[in-house]
file run-v5.cif (mmCIF, C-alpha atoms and all ligand atoms)
data_work
#
loop_
_atom_site.group_PDB
_atom_site.id
_atom_site.type_symbol
_atom_site.label_atom_id
_atom_site.label_comp_id
_atom_site.auth_asym_id
_atom_site.auth_seq_id
_atom_site.Cartn_x
_atom_site.Cartn_y
_atom_site.Cartn_z
ATOM 1 C CA GLU A 288 21.795 20.825 -20.572
ATOM 2 C CA ALA A 289 20.868 18.123 -18.045
ATOM 3 C CA LYS A 290 18.282 15.608 -19.211
ATOM 4 C CA PRO A 291 15.033 15.753 -17.241
ATOM 5 C CA SER A 292 14.699 13.011 -14.649
ATOM 6 C CA PRO A 293 11.622 11.017 -13.600
ATOM 7 C CA SER A 294 11.680 13.067 -10.357
ATOM 8 C CA ASP A 295 11.479 16.308 -12.336
ATOM 9 C CA VAL A 296 8.511 14.928 -14.241
ATOM 10 C CA ASP A 297 6.795 13.785 -11.023
ATOM 11 C CA LYS A 298 7.224 17.306 -9.660
ATOM 12 C CA TYR A 299 5.742 18.795 -12.817
ATOM 13 C CA LEU A 300 2.817 16.363 -12.753
ATOM 14 C CA VAL A 301 2.041 17.086 -9.104
ATOM 15 C CA GLU A 302 2.234 20.838 -9.658
ATOM 16 C CA SER A 303 0.119 20.747 -12.803
ATOM 17 C CA LEU A 304 -2.476 18.164 -11.799
ATOM 18 C CA HIS A 305 -3.241 18.560 -8.137
ATOM 19 C CA GLY A 306 -0.611 20.515 -6.244
ATOM 20 C CA SER A 307 1.052 19.461 -3.014
ATOM 21 C CA GLU A 308 -1.381 19.554 -0.145
ATOM 22 C CA PRO A 309 0.037 21.222 2.964
ATOM 23 C CA GLU A 310 -1.739 18.816 5.313
ATOM 24 C CA MET A 311 -0.487 15.728 3.490
ATOM 25 C CA GLU A 312 3.033 17.137 3.402
ATOM 26 C CA ALA A 313 2.877 17.988 7.123
ATOM 27 C CA GLY A 314 2.033 14.355 7.868
ATOM 28 C CA ARG A 315 4.955 13.160 5.806
ATOM 29 C CA LYS A 316 7.278 15.623 7.548
ATOM 30 C CA HIS A 317 6.034 14.503 10.958
ATOM 31 C CA ALA A 318 6.821 10.888 10.042
ATOM 32 C CA HIS A 319 10.312 11.747 8.805
ATOM 33 C CA GLU A 320 11.021 13.821 11.920
ATOM 34 C CA ALA A 321 9.920 10.921 14.100
ATOM 35 C CA GLY A 322 12.610 8.839 12.391
ATOM 36 C CA LEU A 323 10.367 6.709 10.173
ATOM 37 C CA PRO A 324 11.994 5.558 6.921
ATOM 38 C CA HIS A 325 11.170 7.537 3.775
ATOM 39 C CA ILE A 326 9.437 4.641 2.080
ATOM 40 C CA GLU A 327 5.890 5.908 1.743
ATOM 41 C CA VAL A 328 4.297 5.998 -1.700
ATOM 42 C CA SER A 329 4.973 9.047 -3.876
ATOM 43 C CA GLU A 330 2.401 11.840 -4.126
ATOM 44 C CA THR A 331 1.153 10.740 -7.535
ATOM 45 C CA ARG A 332 0.846 7.118 -6.402
ATOM 46 C CA GLY A 333 -1.016 8.227 -3.272
ATOM 47 C CA LYS A 334 -3.470 10.194 -5.338
ATOM 48 C CA PHE A 335 -3.702 7.256 -7.758
ATOM 49 C CA LEU A 336 -4.747 4.995 -4.856
ATOM 50 C CA MET A 337 -7.363 7.521 -3.781
ATOM 51 C CA LEU A 338 -8.783 7.659 -7.309
ATOM 52 C CA LEU A 339 -8.763 3.868 -7.572
ATOM 53 C CA ALA A 340 -10.771 3.629 -4.344
ATOM 54 C CA GLN A 341 -13.232 6.166 -5.761
ATOM 55 C CA ILE A 342 -13.462 4.557 -9.207
ATOM 56 C CA SER A 343 -14.123 1.135 -7.697
ATOM 57 C CA GLY A 344 -16.650 2.601 -5.267
ATOM 58 C CA ALA A 345 -14.750 1.038 -2.378
ATOM 59 C CA ARG A 346 -16.290 1.580 1.042
ATOM 60 C CA ARG A 347 -14.165 -0.892 2.990
ATOM 61 C CA VAL A 348 -10.433 -0.875 2.355
ATOM 62 C CA LEU A 349 -7.753 -3.075 3.896
ATOM 63 C CA GLU A 350 -4.177 -1.800 3.908
ATOM 64 C CA ILE A 351 -1.186 -3.933 4.846
ATOM 65 C CA GLY A 352 1.710 -1.647 5.880
ATOM 66 C CA THR A 353 0.703 1.671 7.488
ATOM 67 C CA LEU A 354 4.052 3.367 8.195
ATOM 68 C CA GLY A 355 3.149 6.985 9.096
ATOM 69 C CA GLY A 356 -0.316 6.776 7.547
ATOM 70 C CA TYR A 357 0.478 8.594 4.301
ATOM 71 C CA SER A 358 -1.118 6.122 1.888
ATOM 72 C CA THR A 359 -3.717 5.413 4.593
ATOM 73 C CA THR A 360 -4.819 9.048 4.427
ATOM 74 C CA TRP A 361 -5.186 8.929 0.643
ATOM 75 C CA LEU A 362 -7.225 5.721 0.915
ATOM 76 C CA ALA A 363 -9.375 7.141 3.725
ATOM 77 C CA ARG A 364 -10.108 10.148 1.531
ATOM 78 C CA GLY A 365 -10.949 7.793 -1.336
ATOM 79 C CA VAL A 366 -13.581 5.854 0.612
ATOM 80 C CA GLY A 367 -15.397 9.043 1.607
ATOM 81 C CA PRO A 368 -17.069 9.951 4.882
ATOM 82 C CA ASP A 369 -19.098 6.723 5.067
ATOM 83 C CA GLY A 370 -16.152 4.483 4.246
ATOM 84 C CA HIS A 371 -13.654 2.703 6.421
ATOM 85 C CA VAL A 372 -9.987 1.695 6.232
ATOM 86 C CA THR A 373 -8.432 -1.079 8.307
ATOM 87 C CA THR A 374 -4.651 -0.775 8.241
ATOM 88 C CA CYS A 375 -2.062 -3.224 9.613
ATOM 89 C CA GLU A 376 1.231 -2.173 11.205
ATOM 90 C CA TYR A 377 3.545 -4.017 13.566
ATOM 91 C CA GLU A 378 5.839 -1.166 14.658
ATOM 92 C CA PRO A 379 4.161 0.660 17.560
ATOM 93 C CA LEU A 380 6.030 3.892 16.761
ATOM 94 C CA HIS A 381 4.795 3.840 13.157
ATOM 95 C CA ALA A 382 1.252 3.201 14.334
ATOM 96 C CA ARG A 383 1.497 6.097 16.797
ATOM 97 C CA VAL A 384 2.759 8.527 14.160
ATOM 98 C CA ALA A 385 0.038 7.340 11.781
ATOM 99 C CA ALA A 386 -2.608 7.875 14.463
ATOM 100 C CA ASP A 387 -1.338 11.460 15.033
ATOM 101 C CA ASN A 388 -1.367 12.190 11.311
ATOM 102 C CA LEU A 389 -4.840 10.771 10.750
ATOM 103 C CA LYS A 390 -6.116 12.828 13.668
ATOM 104 C CA ALA A 391 -4.495 15.981 12.308
ATOM 105 C CA SER A 392 -6.339 15.356 9.011
ATOM 106 C CA SER A 393 -9.590 14.776 10.955
ATOM 107 C CA ILE A 394 -9.907 11.461 9.170
ATOM 108 C CA ASP A 395 -9.090 9.197 12.118
ATOM 109 C CA GLY A 396 -12.761 8.267 12.573
ATOM 110 C CA ARG A 397 -12.624 6.315 9.287
ATOM 111 C CA VAL A 398 -9.484 4.363 10.106
ATOM 112 C CA ASP A 399 -8.755 1.450 12.376
ATOM 113 C CA ILE A 400 -5.030 0.851 12.922
ATOM 114 C CA ARG A 401 -4.396 -2.760 13.921
ATOM 115 C CA ILE A 402 -1.063 -3.140 15.675
ATOM 116 C CA GLY A 403 0.629 -6.504 15.259
ATOM 117 C CA ALA A 404 2.036 -8.818 12.607
ATOM 118 C CA ALA A 405 -0.242 -8.449 9.605
ATOM 119 C CA LEU A 406 -0.641 -12.229 9.168
ATOM 120 C CA ASP A 407 -2.079 -12.404 12.703
ATOM 121 C CA THR A 408 -4.338 -9.419 12.075
ATOM 122 C CA LEU A 409 -5.624 -10.940 8.833
ATOM 123 C CA ASP A 410 -6.304 -14.205 10.659
ATOM 124 C CA ALA A 411 -8.247 -12.268 13.272
ATOM 125 C CA LEU A 412 -10.173 -10.429 10.534
ATOM 126 C CA LEU A 413 -11.142 -13.770 8.984
ATOM 127 C CA ALA A 414 -12.803 -14.700 12.261
ATOM 128 C CA GLU A 415 -14.756 -11.421 12.488
ATOM 129 C CA PRO A 416 -18.292 -11.310 11.128
ATOM 130 C CA GLU A 417 -17.646 -8.257 8.952
ATOM 131 C CA GLU A 418 -18.512 -7.429 5.362
ATOM 132 C CA PRO A 419 -15.848 -8.309 2.759
ATOM 133 C CA PHE A 420 -13.232 -5.704 1.811
ATOM 134 C CA ASP A 421 -13.757 -3.871 -1.479
ATOM 135 C CA MET A 422 -10.101 -2.990 -1.985
ATOM 136 C CA VAL A 423 -6.819 -4.245 -0.524
ATOM 137 C CA PHE A 424 -3.495 -2.407 -0.747
ATOM 138 C CA ILE A 425 -0.449 -4.580 0.022
ATOM 139 C CA ASP A 426 2.684 -2.607 0.962
ATOM 140 C CA ALA A 427 4.489 -4.296 3.863
ATOM 141 C CA ASP A 428 7.079 -7.081 4.236
ATOM 142 C CA MET A 429 7.623 -8.421 0.746
ATOM 143 C CA GLU A 430 8.428 -11.904 2.035
ATOM 144 C CA ASN A 431 4.753 -12.531 2.794
ATOM 145 C CA THR A 432 3.318 -11.100 -0.424
ATOM 146 C CA GLY A 433 1.905 -14.431 -1.610
ATOM 147 C CA HIS A 434 0.200 -15.075 1.740
ATOM 148 C CA TYR A 435 -1.205 -11.548 1.811
ATOM 149 C CA ILE A 436 -2.690 -11.977 -1.651
ATOM 150 C CA ASP A 437 -4.268 -15.328 -0.717
ATOM 151 C CA LEU A 438 -5.774 -13.757 2.396
ATOM 152 C CA ALA A 439 -6.903 -10.660 0.494
ATOM 153 C CA ILE A 440 -8.818 -12.930 -1.889
ATOM 154 C CA THR A 441 -10.442 -14.718 1.042
ATOM 155 C CA LEU A 442 -11.318 -11.434 2.752
ATOM 156 C CA GLY A 443 -12.683 -10.014 -0.502
ATOM 157 C CA ARG A 444 -15.616 -10.758 -2.805
ATOM 158 C CA PRO A 445 -15.968 -10.911 -6.575
ATOM 159 C CA GLY A 446 -14.984 -7.424 -7.724
ATOM 160 C CA THR A 447 -12.552 -6.668 -4.887
ATOM 161 C CA VAL A 448 -9.554 -4.722 -6.161
ATOM 162 C CA ILE A 449 -6.087 -5.799 -5.002
ATOM 163 C CA VAL A 450 -3.033 -3.559 -5.456
ATOM 164 C CA VAL A 451 0.460 -4.839 -4.654
ATOM 165 C CA ASP A 452 3.222 -2.241 -4.561
ATOM 166 C CA ASN A 453 6.922 -2.555 -5.434
ATOM 167 C CA VAL A 454 6.694 -5.570 -7.707
ATOM 168 C CA VAL A 455 9.519 -4.606 -10.079
ATOM 169 C CA ARG A 456 12.397 -3.358 -7.893
ATOM 170 C CA GLU A 457 14.580 -2.057 -10.718
ATOM 171 C CA GLY A 458 14.088 -5.323 -12.583
ATOM 172 C CA ALA A 459 15.346 -7.523 -9.739
ATOM 173 C CA VAL A 460 12.056 -9.432 -9.944
ATOM 174 C CA LEU A 461 13.276 -11.192 -13.104
ATOM 175 C CA GLU A 462 15.571 -13.583 -11.239
ATOM 176 C CA PRO A 463 15.121 -15.528 -7.991
ATOM 177 C CA GLY A 464 16.901 -13.746 -5.135
ATOM 178 C CA ASP A 465 19.533 -15.106 -2.776
ATOM 179 C CA PRO A 466 17.554 -16.429 0.210
ATOM 180 C CA LEU A 467 20.505 -15.593 2.476
ATOM 181 C CA THR A 468 20.064 -11.842 1.912
ATOM 182 C CA GLU A 469 17.129 -9.653 2.881
ATOM 183 C CA SER A 470 16.857 -8.143 -0.585
ATOM 184 C CA GLY A 471 16.899 -11.640 -2.100
ATOM 185 C CA ARG A 472 14.125 -12.775 0.213
ATOM 186 C CA MET A 473 12.111 -9.693 -0.725
ATOM 187 C CA VAL A 474 12.436 -10.495 -4.409
ATOM 188 C CA ASN A 475 11.442 -14.096 -3.759
ATOM 189 C CA GLY A 476 8.396 -12.893 -1.828
ATOM 190 C CA ILE A 477 7.321 -10.729 -4.734
ATOM 191 C CA ARG A 478 7.864 -13.582 -7.162
ATOM 192 C CA ASP A 479 5.653 -15.756 -4.926
ATOM 193 C CA GLY A 480 3.022 -13.027 -5.070
ATOM 194 C CA ILE A 481 3.221 -12.838 -8.842
ATOM 195 C CA ASP A 482 2.889 -16.634 -9.011
ATOM 196 C CA VAL A 483 -0.260 -16.468 -6.892
ATOM 197 C CA LEU A 484 -1.711 -13.697 -9.063
ATOM 198 C CA GLY A 485 -0.897 -15.661 -12.211
ATOM 199 C CA SER A 486 -2.157 -19.044 -11.046
ATOM 200 C CA ASN A 487 -5.024 -18.511 -8.613
ATOM 201 C CA PRO A 488 -8.222 -18.871 -10.653
ATOM 202 C CA ARG A 489 -9.987 -16.474 -8.273
ATOM 203 C CA VAL A 490 -8.062 -13.422 -9.526
ATOM 204 C CA ASP A 491 -7.526 -11.663 -12.815
ATOM 205 C CA ALA A 492 -4.317 -9.630 -12.695
ATOM 206 C CA THR A 493 -1.781 -7.553 -14.512
ATOM 207 C CA ALA A 494 1.085 -5.283 -13.479
ATOM 208 C CA LEU A 495 2.473 -1.980 -14.665
ATOM 209 C CA GLN A 496 6.065 -0.863 -14.504
ATOM 210 C CA THR A 497 6.502 2.690 -13.310
ATOM 211 C CA VAL A 498 9.242 5.302 -13.130
ATOM 212 C CA GLY A 499 9.018 8.349 -10.932
ATOM 213 C CA SER A 500 10.549 10.078 -7.960
ATOM 214 C CA LYS A 501 11.129 6.648 -6.405
ATOM 215 C CA GLY A 502 12.940 5.126 -9.373
ATOM 216 C CA TRP A 503 11.992 2.121 -11.491
ATOM 217 C CA ASP A 504 9.353 -0.037 -9.884
ATOM 218 C CA GLY A 505 5.776 -1.105 -10.492
ATOM 219 C CA PHE A 506 2.537 -2.330 -9.041
ATOM 220 C CA ALA A 507 0.304 -5.273 -9.664
ATOM 221 C CA LEU A 508 -3.423 -4.740 -10.026
ATOM 222 C CA ALA A 509 -5.909 -7.565 -9.662
ATOM 223 C CA VAL A 510 -9.621 -8.093 -9.340
ATOM 224 C CA VAL A 511 -11.205 -11.006 -7.502
ATOM 225 C CA ARG A 512 -13.430 -13.033 -9.816
HETATM 226 N N1 LIG B 601 1.872 2.135 2.838
HETATM 227 C C1 LIG B 601 2.767 3.072 3.498
HETATM 228 C C2 LIG B 601 2.714 4.404 2.738
HETATM 229 O O1 LIG B 601 2.818 4.375 1.509
HETATM 230 O O2 LIG B 601 2.570 5.457 3.378
HETATM 231 C C3 LIG B 601 4.182 2.560 3.502
HETATM 232 C C4 LIG B 601 4.337 1.227 4.177
HETATM 233 S S1 LIG B 601 6.019 0.767 4.432
HETATM 234 C C5 LIG B 601 6.581 0.457 2.819
HETATM 235 C C6 LIG B 601 5.866 -0.832 5.127
HETATM 236 C C7 LIG B 601 5.324 -0.840 6.549
HETATM 237 O O3 LIG B 601 4.948 -2.180 6.844
HETATM 238 C C8 LIG B 601 6.343 -0.422 7.600
HETATM 239 O O4 LIG B 601 5.796 0.552 8.445
HETATM 240 C C9 LIG B 601 6.608 -1.707 8.384
HETATM 241 O O5 LIG B 601 6.842 -1.492 9.769
HETATM 242 C C10 LIG B 601 5.311 -2.472 8.166
HETATM 243 N N2 LIG B 601 5.459 -3.934 8.269
HETATM 244 C C11 LIG B 601 6.477 -4.692 7.796
HETATM 245 N N3 LIG B 601 6.250 -5.976 8.054
HETATM 246 C C12 LIG B 601 5.061 -6.045 8.698
HETATM 247 C C13 LIG B 601 4.290 -7.126 9.224
HETATM 248 N N4 LIG B 601 4.698 -8.390 9.126
HETATM 249 N N5 LIG B 601 3.123 -6.831 9.802
HETATM 250 C C14 LIG B 601 2.690 -5.552 9.896
HETATM 251 N N6 LIG B 601 3.378 -4.499 9.420
HETATM 252 C C15 LIG B 601 4.547 -4.748 8.833
#
call {"tool": "encode", "arguments": {"input": "run-v5.cif", "output": "structure tokens"}}
result
Amino acid sequence: EAKPSPSDVDKYLVESLHGSEPEMEAGRKHAHEAGLPHIEVSETRGKFLMLLAQISGARRVLEIGTLGGYSTTWLARGVGPDGHVTTCEYEPLHARVAADNLKASSIDGRVDIRIGAALDTLDALLAEPEEPFDMVFIDADMENTGHYIDLAITLGRPGTVIVVDNVVREGAVLEPGDPLTESGRMVNGIRDGIDVLGSNPRVDATALQTVGSKGWDGFALAVVR
């Protein structure tokens, strides 16, 4: 008999704990049909992000890496009707699909999609006289992870929750990557991010390894001091 796989267990957990939501799945399907890569968070991780936003009482969330708005929708649900999500995306097609999906979920009023390179958007946000963000989810180009964390700290306040996705990459994070390859640069970006989390006195961090429908990976969790 075949051994159960992490995907089988994810399926069981989704079915037993919350069920697949037709609207969320429709958004995912729309993104895949529009040709977007299948690199959104898994269902359980999406729900996890929503719960984390709720547990931390986040009202203002910053997301770096929108894709088709799948994790954005979970976060927007997590902040509730009075909350707000600012999400950064540089591919106009991704932003358009995300906008459609958020509208279909009637949650678009809580979300501001900023189109452009996230570093530029974060710079612009620094100049805006807004309240600090309560939670930041980093899930974009790995190369800039360290910069995104530094900026998330600056855009946050003591107590701001920072989540960084994909910090394990099947263990590749253990060794510096080859800077001549994209995957090597990604690993190096994550290692930079982990260095920032481990050395910046303004954050207290840890990370969890995960297995699931998307293989062996993990996320870092930090709180701004
Ligand atoms: N958080 C999404 C979800 O779970 O549904 C998945 C995000 S996907 C892993 C990464 C996204 O970041 C892609 O849509 C990509 O176009 C975008 N991206 C990559 N580099 C970026 C940059 N420098 N600025 C803004 N967006 C970027």
call {"tool": "residues_around", "arguments": {"input": "run-v5.cif", "residues": "range 415-425 of chain A", "least_positions_apart": "2", "cutoff": "7 Å", "atoms": "all atoms listed in the file", "output": "ChimeraX atom specification"}}
result
/A:345-352,411-413,427,439,442-444,447-452
call {"tool": "resolve_selection", "arguments": {"input": "run-v5.cif", "expression": "the PyMOL selection byres (((not hetatm)) within 6 of (chain B and resi 601))", "output": "list in words"}}
result
Ile326, Glu327, Val328, Gly352, Thr353, Leu354, Gly355, Gly356, Tyr357, Ser358, Cys375, Glu376, Tyr377, Glu378, His381, Gly403, Ala404, Ala405, Asp426, Ala427 and Asp428 of chain A
call {"tool": "resolve_selection", "arguments": {"input": "run-v5.cif", "expression": "the PyMOL selection byres (((chain A and resi 294-310) around 9) and not hetatm)", "output": "list in words"}}
result
Pro291, Ser292, Pro293, Met311, Glu312, Ala313, Gly314, Arg315, Ser329, Glu330, Thr331, Lys334, Asn388, Ala391, Ser392, Val498, Gly499, Ser500, Lys501 and Gly502 of chain A
call {"tool": "closest_residue", "arguments": {"input": "run-v5.cif", "among": "A:Val366, A:Ile400, A:Ala492, A:Val454", "to": "Leu336 in chain A", "atoms": "all atoms listed in the file"}}
result
A:Val366
call {"tool": "closest_residue", "arguments": {"input": "run-v5.cif", "among": "A:Thr432, A:Ala507, A:Arg456, A:Val384", "to": "Ser470 in chain A", "atoms": "only C-alpha atoms"}}
result
A:Arg456
call {"tool": "atom_distance", "arguments": {"input": "run-v5.cif", "atom1": "CA of Val455 in chain A", "atom2": "CA of Asp410 in chain A"}}
result
27.8 Å
call {"tool": "atom_distance", "arguments": {"input": "run-v5.cif", "atom1": "CA of Val483 in chain A", "atom2": "CA of Val372 in chain A"}}
result
24.4 Å
call {"tool": "build_atoms", "arguments": {"input": "run-v5.cif", "residues": "range 431-448 of chain A", "atoms": "N, CA and C atoms", "output": "PDB file, in the frame of the given file"}}
result
ATOM      1  N   ASN A 431       6.072 -11.907   2.624  1.00  0.00           N
ATOM      2  CA  ASN A 431       4.753 -12.531   2.794  1.00  0.00           C
ATOM      3  C   ASN A 431       3.761 -12.177   1.688  1.00  0.00           C
ATOM      4  N   THR A 432       4.239 -11.596   0.604  1.00  0.00           N
ATOM      5  CA  THR A 432       3.318 -11.100  -0.424  1.00  0.00           C
ATOM      6  C   THR A 432       2.313 -12.164  -0.882  1.00  0.00           C
ATOM      7  N   GLY A 433       2.802 -13.369  -1.137  1.00  0.00           N
ATOM      8  CA  GLY A 433       1.905 -14.431  -1.610  1.00  0.00           C
ATOM      9  C   GLY A 433       0.805 -14.729  -0.590  1.00  0.00           C
ATOM     10  N   HIS A 434       1.199 -14.812   0.685  1.00  0.00           N
ATOM     11  CA  HIS A 434       0.200 -15.075   1.740  1.00  0.00           C
ATOM     12  C   HIS A 434      -0.807 -13.930   1.822  1.00  0.00           C
ATOM     13  N   TYR A 435      -0.297 -12.690   1.718  1.00  0.00           N
ATOM     14  CA  TYR A 435      -1.205 -11.548   1.811  1.00  0.00           C
ATOM     15  C   TYR A 435      -2.222 -11.566   0.667  1.00  0.00           C
ATOM     16  N   ILE A 436      -1.755 -11.941  -0.517  1.00  0.00           N
ATOM     17  CA  ILE A 436      -2.690 -11.977  -1.651  1.00  0.00           C
ATOM     18  C   ILE A 436      -3.744 -13.057  -1.427  1.00  0.00           C
ATOM     19  N   ASP A 437      -3.298 -14.251  -0.989  1.00  0.00           N
ATOM     20  CA  ASP A 437      -4.268 -15.328  -0.717  1.00  0.00           C
ATOM     21  C   ASP A 437      -5.315 -14.858   0.289  1.00  0.00           C
ATOM     22  N   LEU A 438      -4.835 -14.202   1.354  1.00  0.00           N
ATOM     23  CA  LEU A 438      -5.774 -13.757   2.396  1.00  0.00           C
ATOM     24  C   LEU A 438      -6.662 -12.624   1.893  1.00  0.00           C
ATOM     25  N   ALA A 439      -6.093 -11.758   1.049  1.00  0.00           N
ATOM     26  CA  ALA A 439      -6.903 -10.660   0.494  1.00  0.00           C
ATOM     27  C   ALA A 439      -8.052 -11.231  -0.336  1.00  0.00           C
ATOM     28  N   ILE A 440      -7.768 -12.301  -1.078  1.00  0.00           N
ATOM     29  CA  ILE A 440      -8.818 -12.930  -1.889  1.00  0.00           C
ATOM     30  C   ILE A 440      -9.907 -13.469  -0.961  1.00  0.00           C
ATOM     31  N   THR A 441      -9.474 -14.134   0.104  1.00  0.00           N
ATOM     32  CA  THR A 441     -10.442 -14.718   1.042  1.00  0.00           C
ATOM     33  C   THR A 441     -11.263 -13.648   1.749  1.00  0.00           C
ATOM     34  N   LEU A 442     -10.612 -12.515   2.040  1.00  0.00           N
ATOM     35  CA  LEU A 442     -11.318 -11.434   2.752  1.00  0.00           C
ATOM     36  C   LEU A 442     -12.097 -10.535   1.786  1.00  0.00           C
ATOM     37  N   GLY A 443     -11.994 -10.834   0.491  1.00  0.00           N
ATOM     38  CA  GLY A 443     -12.683 -10.014  -0.502  1.00  0.00           C
ATOM     39  C   GLY A 443     -13.961 -10.687  -0.989  1.00  0.00           C
ATOM     40  N   ARG A 444     -14.401 -10.232  -2.153  1.00  0.00           N
ATOM     41  CA  ARG A 444     -15.616 -10.758  -2.805  1.00  0.00           C
ATOM     42  C   ARG A 444     -15.381 -10.567  -4.298  1.00  0.00           C
ATOM     43  N   PRO A 445     -16.175 -11.181  -5.152  1.00  0.00           N
ATOM     44  CA  PRO A 445     -15.968 -10.911  -6.575  1.00  0.00           C
ATOM     45  C   PRO A 445     -16.030  -9.400  -6.818  1.00  0.00           C
ATOM     46  N   GLY A 446     -15.040  -8.868  -7.468  1.00  0.00           N
ATOM     47  CA  GLY A 446     -14.984  -7.424  -7.724  1.00  0.00           C
ATOM     48  C   GLY A 446     -13.999  -6.688  -6.831  1.00  0.00           C
ATOM     49  N   THR A 447     -13.529  -7.330  -5.762  1.00  0.00           N
ATOM     50  CA  THR A 447     -12.552  -6.668  -4.887  1.00  0.00           C
ATOM     51  C   THR A 447     -11.267  -6.378  -5.659  1.00  0.00           C
ATOM     52  N   VAL A 448     -10.768  -5.163  -5.476  1.00  0.00           N
ATOM     53  CA  VAL A 448      -9.554  -4.722  -6.161  1.00  0.00           C
ATOM     54  C   VAL A 448      -8.355  -4.963  -5.245  1.00  0.00           C
TER      55      VAL A 448
END
